[in-house]
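A.B. asks: Coordinates in run.cif, mmCIF, C-alpha atoms (C1' of nucleotides), are listed below.
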data_protein
#
loop_
_atom_site.label_atom_id
_atom_site.label_comp_id
_atom_site.auth_asym_id
_atom_site.auth_seq_id
_atom_site.Cartn_x
_atom_site.Cartn_y
_atom_site.Cartn_z
CA MET A 1 73.68 105.18 118.93
CA ASP A 2 71.83 106.70 121.83
CA ASN A 3 73.45 109.01 124.40
CA ARG A 4 72.80 110.86 127.62
CA ILE A 5 74.17 114.24 126.65
CA LYS A 6 70.91 116.12 127.17
CA GLU A 7 70.44 114.34 130.50
CA TYR A 8 73.88 115.29 131.81
CA ARG A 9 73.59 118.78 130.37
CA LYS A 10 70.38 119.43 132.28
CA GLN A 11 71.81 117.98 135.49
CA ASN A 12 74.63 120.48 135.12
CA LYS A 13 72.15 123.25 134.27
CA ILE A 14 73.94 124.55 131.22
CA THR A 15 72.62 125.46 127.79
CA GLN A 16 73.49 123.81 124.46
CA ASP A 17 75.41 126.92 123.58
CA GLU A 18 77.49 126.77 126.74
CA LEU A 19 78.28 123.09 126.25
CA ALA A 20 79.16 123.71 122.60
CA LYS A 21 81.62 126.41 123.57
CA ALA A 22 83.07 124.33 126.40
CA VAL A 23 83.93 121.45 124.05
CA ASP A 24 84.71 123.72 121.10
CA VAL A 25 82.07 122.73 118.55
CA THR A 26 79.07 124.57 117.15
CA ARG A 27 75.69 124.61 118.82
CA GLN A 28 74.34 122.78 115.80
CA THR A 29 76.63 119.86 116.56
CA ILE A 30 75.29 119.56 120.11
CA ILE A 31 71.70 119.75 118.87
CA SER A 32 72.34 117.04 116.30
CA LEU A 33 74.03 114.77 118.81
CA GLU A 34 71.29 115.21 121.41
CA ASN A 35 68.63 114.50 118.82
CA GLY A 36 70.42 111.44 117.43
CA LYS A 37 71.12 112.86 113.99
CA TYR A 38 74.58 111.33 113.98
CA ASN A 39 77.24 110.04 116.36
CA ALA A 40 80.05 111.98 117.95
CA SER A 41 83.62 111.46 116.87
CA LEU A 42 85.90 109.82 119.40
CA GLN A 43 87.58 113.13 120.20
CA LEU A 44 84.30 114.90 120.78
CA ALA A 45 82.92 112.02 122.82
CA HIS A 46 85.97 112.26 125.03
CA LYS A 47 85.73 116.03 125.43
CA ILE A 48 82.07 115.85 126.44
CA ALA A 49 82.63 112.93 128.80
CA LYS A 50 85.56 114.74 130.37
CA TYR A 51 83.50 117.91 130.71
CA PHE A 52 80.85 116.00 132.67
CA GLY A 53 83.42 113.97 134.57
CA VAL A 54 82.18 110.58 133.34
CA MET A 55 83.50 107.76 131.16
CA ILE A 56 82.66 107.66 127.48
CA GLU A 57 80.85 104.38 128.13
CA ASP A 58 78.59 106.15 130.64
CA LEU A 59 77.64 108.86 128.18
CA PHE A 60 77.00 106.75 125.08
CA LEU A 61 74.85 103.63 124.84
CA PHE A 62 76.44 101.01 122.64
CA GLU A 63 73.93 98.21 123.13
CA GLU A 64 72.72 97.74 119.54
CA GLU A 65 74.81 96.66 116.56
CA MET B 66 95.43 110.81 118.78
CA ASP B 67 97.67 107.95 119.83
CA ASN B 68 96.38 104.49 120.71
CA ARG B 69 97.45 101.11 122.02
CA ILE B 70 95.76 98.90 119.47
CA LYS B 71 98.96 97.29 118.20
CA GLU B 72 100.07 96.73 121.78
CA TYR B 73 96.86 94.98 122.82
CA ARG B 74 96.72 93.08 119.55
CA LYS B 75 100.17 91.62 120.10
CA GLN B 76 99.38 90.78 123.72
CA ASN B 77 96.41 88.82 122.41
CA LYS B 78 98.58 87.28 119.68
CA ILE B 79 96.22 87.97 116.81
CA THR B 80 96.88 89.39 113.35
CA GLN B 81 95.55 92.63 111.88
CA ASP B 82 93.35 90.55 109.65
CA GLU B 83 91.84 88.66 112.58
CA LEU B 84 91.17 91.85 114.53
CA ALA B 85 89.66 93.48 111.45
CA LYS B 86 87.25 90.58 111.01
CA ALA B 87 86.42 90.49 114.71
CA VAL B 88 85.33 94.12 114.73
CA ASP B 89 83.93 94.05 111.21
CA VAL B 90 86.14 96.51 109.36
CA THR B 91 88.76 96.06 106.65
CA ARG B 92 92.37 95.24 107.39
CA GLN B 93 93.30 98.59 105.90
CA THR B 94 91.30 100.33 108.63
CA ILE B 95 93.25 98.52 111.36
CA ILE B 96 96.57 99.33 109.66
CA SER B 97 95.63 103.00 109.37
CA LEU B 98 94.53 103.20 112.98
CA GLU B 99 97.64 101.46 114.32
CA ASN B 100 99.85 103.75 112.27
CA GLY B 101 98.04 106.90 113.30
CA LYS B 102 96.70 107.81 109.86
CA TYR B 103 93.38 108.79 111.34
CA ASN B 104 91.22 108.25 114.40
CA ALA B 105 88.61 105.59 114.97
CA SER B 106 84.94 106.44 115.05
CA LEU B 107 83.23 106.10 118.41
CA GLN B 108 81.54 102.87 117.33
CA LEU B 109 84.75 101.29 116.17
CA ALA B 110 86.62 102.46 119.26
CA HIS B 111 83.98 100.77 121.36
CA LYS B 112 84.08 97.53 119.37
CA ILE B 113 87.85 97.27 119.66
CA ALA B 114 87.87 98.15 123.35
CA LYS B 115 85.14 95.60 123.97
CA TYR B 116 87.05 93.00 122.01
CA PHE B 117 90.10 93.50 124.24
CA GLY B 118 87.99 93.83 127.37
CA VAL B 119 89.19 97.34 128.23
CA MET B 120 87.70 100.82 128.46
CA ILE B 121 87.90 103.17 125.48
CA GLU B 122 89.96 105.49 127.66
CA ASP B 123 92.53 102.70 128.17
CA LEU B 124 92.89 102.07 124.46
CA PHE B 125 93.11 105.65 123.20
CA LEU B 126 95.35 108.41 124.53
CA PHE B 127 93.57 111.73 124.63
CA GLU B 128 96.26 113.84 126.30
CA GLU B 129 96.94 116.42 123.55
CA GLU B 130 94.43 118.88 122.13
"C1'" DG C 131 117.48 80.74 101.31
"C1'" DG C 132 112.93 80.68 99.86
"C1'" DA C 133 107.90 80.38 100.27
"C1'" DA C 134 104.03 81.83 102.82
"C1'" DA C 135 102.11 84.90 106.04
"C1'" DA C 136 101.88 89.34 107.87
"C1'" DT C 137 102.37 94.10 107.43
"C1'" DG C 138 102.61 98.21 104.74
"C1'" DT C 139 101.67 102.00 100.89
"C1'" DA C 140 98.91 104.55 97.67
"C1'" DA C 141 94.93 106.45 95.57
"C1'" DA C 142 90.17 106.85 94.36
"C1'" DA C 143 85.37 106.30 95.96
"C1'" DT C 144 81.83 106.47 99.53
"C1'" DA C 145 79.88 107.48 104.12
"C1'" DT C 146 79.52 110.22 107.94
"C1'" DA C 147 80.83 114.09 111.29
"C1'" DC C 148 80.97 118.90 111.71
"C1'" DT C 149 80.39 123.86 110.18
"C1'" DT C 150 77.94 127.85 108.59
"C1'" DG C 151 74.14 130.75 108.17
"C1'" DA C 152 69.49 131.90 108.14
"C1'" DC C 153 65.27 131.43 110.06
"C1'" DA C 154 61.17 129.03 112.94
"C1'" DT C 155 59.32 127.29 117.23
"C1'" DT C 156 59.26 126.66 122.15
"C1'" DT C 157 60.36 127.93 126.87
"C1'" DT C 158 61.24 131.05 130.48
"C1'" DC C 159 60.26 134.75 133.30
"C1'" DA C 160 59.66 139.77 134.52
"C1'" DT D 161 51.36 138.80 127.74
"C1'" DG D 162 55.18 139.64 125.53
"C1'" DA D 163 60.14 139.89 124.91
"C1'" DA D 164 64.34 137.45 125.35
"C1'" DA D 165 66.57 133.15 125.68
"C1'" DA D 166 66.82 128.51 124.38
"C1'" DT D 167 65.94 124.97 121.26
"C1'" DG D 168 64.99 123.34 116.73
"C1'" DT D 169 64.96 122.73 111.32
"C1'" DC D 170 66.98 122.92 106.76
"C1'" DA D 171 70.39 122.80 103.32
"C1'" DA D 172 74.85 123.34 101.34
"C1'" DG D 173 79.78 122.98 102.08
"C1'" DT D 174 84.09 121.05 104.21
"C1'" DA D 175 86.67 117.55 106.80
"C1'" DT D 176 87.56 113.07 108.09
"C1'" DA D 177 86.67 107.88 108.61
"C1'" DT D 178 86.18 103.66 106.08
"C1'" DT D 179 86.23 100.70 101.88
"C1'" DT D 180 88.21 98.74 97.84
"C1'" DT D 181 91.80 97.22 94.93
"C1'" DA D 182 96.27 96.34 93.69
"C1'" DC D 183 100.78 95.89 94.71
"C1'" DA D 184 105.40 96.29 97.71
"C1'" DT D 185 108.04 95.20 101.79
"C1'" DT D 186 108.97 92.69 106.00
"C1'" DT D 187 108.68 88.74 109.05
"C1'" DT D 188 108.32 83.98 110.07
"C1'" DC D 189 109.73 79.53 109.81
"C1'" DC D 190 110.72 74.99 107.40
#
Spell out the structure here as structure tokens.

C.D. replies:
Amino acid sequence: MDNRIKEYRKQNKITQDELAKAVDVTRQTIISLENGKYNASLQLAHKIAKYFGVMIEDLFLFEEE
Amino acid sequence: MDNRIKEYRKQNKITQDELAKAVDVTRQTIISLENGKYNASLQLAHKIAKYFGVMIEDLFLFEEE
DNA sequence: GGAAAATGTAAAATATACTTGACATTTTCA
DNA sequence: TGAAAATGTCAAGTATATTTTACATTTTCC
């Protein structure tokens, strides 16, 4: 599943480390999400979406199966 | 994390088995979600929300930490 | 009241999200 | 240009979501 985390993060001018701390995960988790290594959990998706002030559906792209 | 799956399912008058098949998981998964045994993955949350025609944020309650 | 349908429980196995730590590469900027 | 900051890779370990199977309880309804 694709996402716009990196996009929103750059718009907000914060680093991976800052985002990681803001949503209480490790930097490695942010890196892996941004690079499509795996998908966020529902909780984490919500925290990140909330941090950027958007809906989960805006942040993650669910098109494919 | 609490959710309104059972609520929406009953509004739509379908069984756990029907919902499970519609979103392509086992009935056990639906039971466990409805009874708060664990949280849905982001993909599953999206499939269920889409099935009911609501936003993920309407279906899951993220209030607590 | 009894059969069928729906819902639930339990436990083991598998898949995937997330952490930890150590180190390599790229980007930024004085 | 060179040092510091930011981003990335790798691999092993832990936590949690989902499946599978088998059976128990509750609800529905004739």

A.B. asks: Put chain A on top of chain B with a least-squares fit on all C-alpha atoms, paired in order, and send it back as an mmCIF file with C-alpha atoms, in the frame of the given file.

C.D. replies:
data_model
loop_
_atom_site.group_PDB
_atom_site.id
_atom_site.type_symbol
_atom_site.label_atom_id
_atom_site.label_comp_id
_atom_site.auth_asym_id
_atom_site.auth_seq_id
_atom_site.Cartn_x
_atom_site.Cartn_y
_atom_site.Cartn_z
ATOM 1 C CA MET A 1 95.426 110.798 118.771
ATOM 2 C CA ASP A 2 97.656 107.956 119.818
ATOM 3 C CA ASN A 3 96.372 104.475 120.715
ATOM 4 C CA ARG A 4 97.456 101.107 122.015
ATOM 5 C CA ILE A 5 95.760 98.909 119.459
ATOM 6 C CA LYS A 6 98.954 97.290 118.191
ATOM 7 C CA GLU A 7 100.078 96.742 121.785
ATOM 8 C CA TYR A 8 96.863 94.995 122.817
ATOM 9 C CA ARG A 9 96.715 93.090 119.549
ATOM 10 C CA LYS A 10 100.162 91.616 120.114
ATOM 11 C CA GLN A 11 99.377 90.765 123.735
ATOM 12 C CA ASN A 12 96.404 88.824 122.420
ATOM 13 C CA LYS A 13 98.550 87.269 119.677
ATOM 14 C CA ILE A 14 96.201 87.953 116.811
ATOM 15 C CA THR A 15 96.869 89.361 113.361
ATOM 16 C CA GLN A 16 95.538 92.622 111.891
ATOM 17 C CA ASP A 17 93.331 90.554 109.659
ATOM 18 C CA GLU A 18 91.828 88.656 112.571
ATOM 19 C CA LEU A 19 91.167 91.841 114.527
ATOM 20 C CA ALA A 20 89.649 93.482 111.448
ATOM 21 C CA LYS A 21 87.246 90.600 111.000
ATOM 22 C CA ALA A 22 86.412 90.478 114.705
ATOM 23 C CA VAL A 23 85.324 94.135 114.738
ATOM 24 C CA ASP A 24 83.933 94.045 111.200
ATOM 25 C CA VAL A 25 86.152 96.519 109.355
ATOM 26 C CA THR A 26 88.767 96.067 106.653
ATOM 27 C CA ARG A 27 92.374 95.234 107.368
ATOM 28 C CA GLN A 28 93.290 98.585 105.877
ATOM 29 C CA THR A 29 91.324 100.325 108.607
ATOM 30 C CA ILE A 30 93.261 98.516 111.339
ATOM 31 C CA ILE A 31 96.573 99.320 109.653
ATOM 32 C CA SER A 32 95.655 102.986 109.375
ATOM 33 C CA LEU A 33 94.541 103.193 112.984
ATOM 34 C CA GLU A 34 97.654 101.446 114.294
ATOM 35 C CA ASN A 35 99.871 103.722 112.247
ATOM 36 C CA GLY A 36 98.040 106.892 113.296
ATOM 37 C CA LYS A 37 96.691 107.779 109.870
ATOM 38 C CA TYR A 38 93.368 108.802 111.361
ATOM 39 C CA ASN A 39 91.224 108.248 114.443
ATOM 40 C CA ALA A 40 88.623 105.580 114.995
ATOM 41 C CA SER A 41 84.955 106.431 115.061
ATOM 42 C CA LEU A 42 83.229 106.089 118.407
ATOM 43 C CA GLN A 43 81.532 102.868 117.329
ATOM 44 C CA LEU A 44 84.761 101.302 116.171
ATOM 45 C CA ALA A 45 86.622 102.460 119.263
ATOM 46 C CA HIS A 46 83.982 100.763 121.360
ATOM 47 C CA LYS A 47 84.081 97.528 119.371
ATOM 48 C CA ILE A 48 87.863 97.283 119.655
ATOM 49 C CA ALA A 49 87.871 98.166 123.347
ATOM 50 C CA LYS A 50 85.155 95.607 123.981
ATOM 51 C CA TYR A 51 87.068 92.994 122.000
ATOM 52 C CA PHE A 52 90.111 93.501 124.234
ATOM 53 C CA GLY A 53 88.015 93.831 127.369
ATOM 54 C CA VAL A 54 89.211 97.348 128.232
ATOM 55 C CA MET A 55 87.696 100.827 128.440
ATOM 56 C CA ILE A 56 87.904 103.162 125.480
ATOM 57 C CA GLU A 57 89.973 105.498 127.652
ATOM 58 C CA ASP A 58 92.527 102.715 128.175
ATOM 59 C CA LEU A 59 92.897 102.082 124.465
ATOM 60 C CA PHE A 60 93.116 105.662 123.198
ATOM 61 C CA LEU A 61 95.361 108.424 124.521
ATOM 62 C CA PHE A 62 93.566 111.740 124.638
ATOM 63 C CA GLU A 63 96.271 113.830 126.280
ATOM 64 C CA GLU A 64 96.879 116.428 123.550
ATOM 65 C CA GLU A 65 94.376 118.953 122.217
#

A.B. asks: Using only C-alpha atoms, find each residue in chain A having at least one atom no more than 12 Å away from chain B; report its shortest atom-to-atom pair and that distance in Å (one decimal), rows by chain then rising number, as JSON lines.

C.D. replies:
{"residue": "A:Met1", "atom": "CA", "partner": "B:Gln108", "partner_atom": "CA", "distance": 8.3}
{"residue": "A:Asp2", "atom": "CA", "partner": "B:Gln108", "partner_atom": "CA", "distance": 11.4}
{"residue": "A:Asn3", "atom": "CA", "partner": "B:Leu107", "partner_atom": "CA", "distance": 11.8}
{"residue": "A:Val23", "atom": "CA", "partner": "B:Glu130", "partner_atom": "CA", "distance": 11.0}
{"residue": "A:Asp24", "atom": "CA", "partner": "B:Glu130", "partner_atom": "CA", "distance": 10.9}
{"residue": "A:Tyr38", "atom": "CA", "partner": "B:Leu107", "partner_atom": "CA", "distance": 11.0}
{"residue": "A:Asn39", "atom": "CA", "partner": "B:Leu107", "partner_atom": "CA", "distance": 7.5}
{"residue": "A:Ala40", "atom": "CA", "partner": "B:Leu107", "partner_atom": "CA", "distance": 6.7}
{"residue": "A:Ser41", "atom": "CA", "partner": "B:Ser106", "partner_atom": "CA", "distance": 5.5}
{"residue": "A:Leu42", "atom": "CA", "partner": "B:Leu107", "partner_atom": "CA", "distance": 4.7}
{"residue": "A:Gln43", "atom": "CA", "partner": "B:Phe127", "partner_atom": "CA", "distance": 7.6}
{"residue": "A:Leu44", "atom": "CA", "partner": "B:Leu107", "partner_atom": "CA", "distance": 9.2}
{"residue": "A:Ala45", "atom": "CA", "partner": "B:Leu107", "partner_atom": "CA", "distance": 7.4}
{"residue": "A:His46", "atom": "CA", "partner": "B:Phe127", "partner_atom": "CA", "distance": 7.6}
{"residue": "A:Lys47", "atom": "CA", "partner": "B:Phe127", "partner_atom": "CA", "distance": 9.0}
{"residue": "A:Ala49", "atom": "CA", "partner": "B:Glu122", "partner_atom": "CA", "distance": 10.5}
{"residue": "A:Lys50", "atom": "CA", "partner": "B:Phe127", "partner_atom": "CA", "distance": 10.3}
{"residue": "A:Val54", "atom": "CA", "partner": "B:Glu122", "partner_atom": "CA", "distance": 10.9}
{"residue": "A:Met55", "atom": "CA", "partner": "B:Glu122", "partner_atom": "CA", "distance": 7.7}
{"residue": "A:Ile56", "atom": "CA", "partner": "B:Ile121", "partner_atom": "CA", "distance": 7.2}
{"residue": "A:Glu57", "atom": "CA", "partner": "B:Ile121", "partner_atom": "CA", "distance": 7.6}
{"residue": "A:Asp58", "atom": "CA", "partner": "B:Met120", "partner_atom": "CA", "distance": 10.8}
{"residue": "A:Leu59", "atom": "CA", "partner": "B:Leu107", "partner_atom": "CA", "distance": 11.6}
{"residue": "A:Phe60", "atom": "CA", "partner": "B:Leu107", "partner_atom": "CA", "distance": 9.2}
{"residue": "A:Leu61", "atom": "CA", "partner": "B:Gln108", "partner_atom": "CA", "distance": 10.1}
{"residue": "A:Phe62", "atom": "CA", "partner": "B:Gln108", "partner_atom": "CA", "distance": 7.6}
{"residue": "A:Glu63", "atom": "CA", "partner": "B:His111", "partner_atom": "CA", "distance": 10.5}
{"residue": "A:Glu64", "atom": "CA", "partner": "B:Gln108", "partner_atom": "CA", "distance": 10.4}
{"residue": "A:Glu65", "atom": "CA", "partner": "B:Gln108", "partner_atom": "CA", "distance": 9.2}

A.B. asks: Using all atoms listed in the file and a distance of at most 12 Å, pull out the residues of chain C that contact chain B, as a list in words.

C.D. replies: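 In the required form, that comes to DA135, DA136, DT137, DG138, DT139, DA140, DT146 and DA147 of chain C.
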
A.B. asks: For the residues selected in the previous step, produce a file with C-alpha atoms (C1' of nucleotides) as a short mmCIF file (atom, residue, chain, number, x, y, z; two decimals), in the frame of the given file.

C.D. replies:
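Here's the written file again.cif:
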data_model
loop_
_atom_site.label_atom_id
_atom_site.label_comp_id
_atom_site.auth_asym_id
_atom_site.auth_seq_id
_atom_site.Cartn_x
_atom_site.Cartn_y
_atom_site.Cartn_z
"C1'" DA C 135 102.11 84.90 106.04
"C1'" DA C 136 101.88 89.34 107.87
"C1'" DT C 137 102.37 94.10 107.43
"C1'" DG C 138 102.61 98.21 104.74
"C1'" DT C 139 101.67 102.00 100.89
"C1'" DA C 140 98.91 104.55 97.67
"C1'" DT C 146 79.52 110.22 107.94
"C1'" DA C 147 80.83 114.09 111.29
#

A.B. asks: Set the cut-off to 10 Å and count all atoms listed in the file: what are the residues of chain D that reach chain B? Output as a VMD selection string.

C.D. replies: chain D and resid 176 to 180

A.B. asks: Check what the PyMOL selection byres ((chain D and resi 169-173) around 9) selects in the file above and give those residues as a list in words.

C.D. replies: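 After applying the PyMOL selection byres ((chain D and resi 169-173) around 9), what remains is DT149, DT150, DC153 and DA154 of chain C; DG168 and DT174 of chain D.
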
A.B. asks: Atom C1' of DT155 of chain C and atom CA of Lys21 of chain A are how many Å apart?

C.D. replies: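 If I compute the distance from atom C1' of DT155 of chain C to atom CA of Lys21 of chain A, I get 23.2 Å.
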
A.B. asks: Starting from the PyMOL selection byres ((chain C and resi 133) around 12), expand the selection into actual residues of this file and give them as a PyMOL selection string.

C.D. replies: (chain C and resi 131-132+134-135) or (chain D and resi 188-190)

A.B. asks: Fewer than 3 positions away in the same chain doesn't count, so skip those; otherwise give me all residues within 12 Å of DT156 of chain C, counting only C-alpha atoms (C1' of nucleotides), as an mmCIF file with C-alpha atoms (C1' of nucleotides), keeping the file's coordinate frame.

C.D. replies:
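Result file around_30.cif:
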data_model
loop_
_atom_site.group_PDB
_atom_site.id
_atom_site.type_symbol
_atom_site.label_atom_id
_atom_site.label_comp_id
_atom_site.auth_asym_id
_atom_site.auth_seq_id
_atom_site.Cartn_x
_atom_site.Cartn_y
_atom_site.Cartn_z
ATOM 1 C "C1'" DA D 165 66.570 133.150 125.680
ATOM 2 C "C1'" DA D 166 66.820 128.510 124.380
ATOM 3 C "C1'" DT D 167 65.940 124.970 121.260
ATOM 4 C "C1'" DG D 168 64.990 123.340 116.730
#

A.B. asks: Just the number, please: distance in Å from atom C1' of DC159 of chain C to atom C1' of DA164 of chain D, one decimal.

C.D. replies: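 One can read the atom C1' of DC159 of chain C to atom C1' of DA164 of chain D distance as 9.3 Å.
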
A.B. asks: For a cut-off of 8 Å around (96.5, 98.9, 93.6), file coordinates, pick out all residues using all atoms listed in the file and list them as a list in words.

C.D. replies: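 These residues have at least one counted atom within 8 Å: DA140 and DA141 of chain C; DT181, DA182 and DC183 of chain D.
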
A.B. asks: Quick check, in Å to one decimal: how far apart do atom CA of Asn12 of chain A and atom C1' of DT157 of chain C lie?

C.D. replies: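 Computing it gives 18.1 Å between the two atoms.
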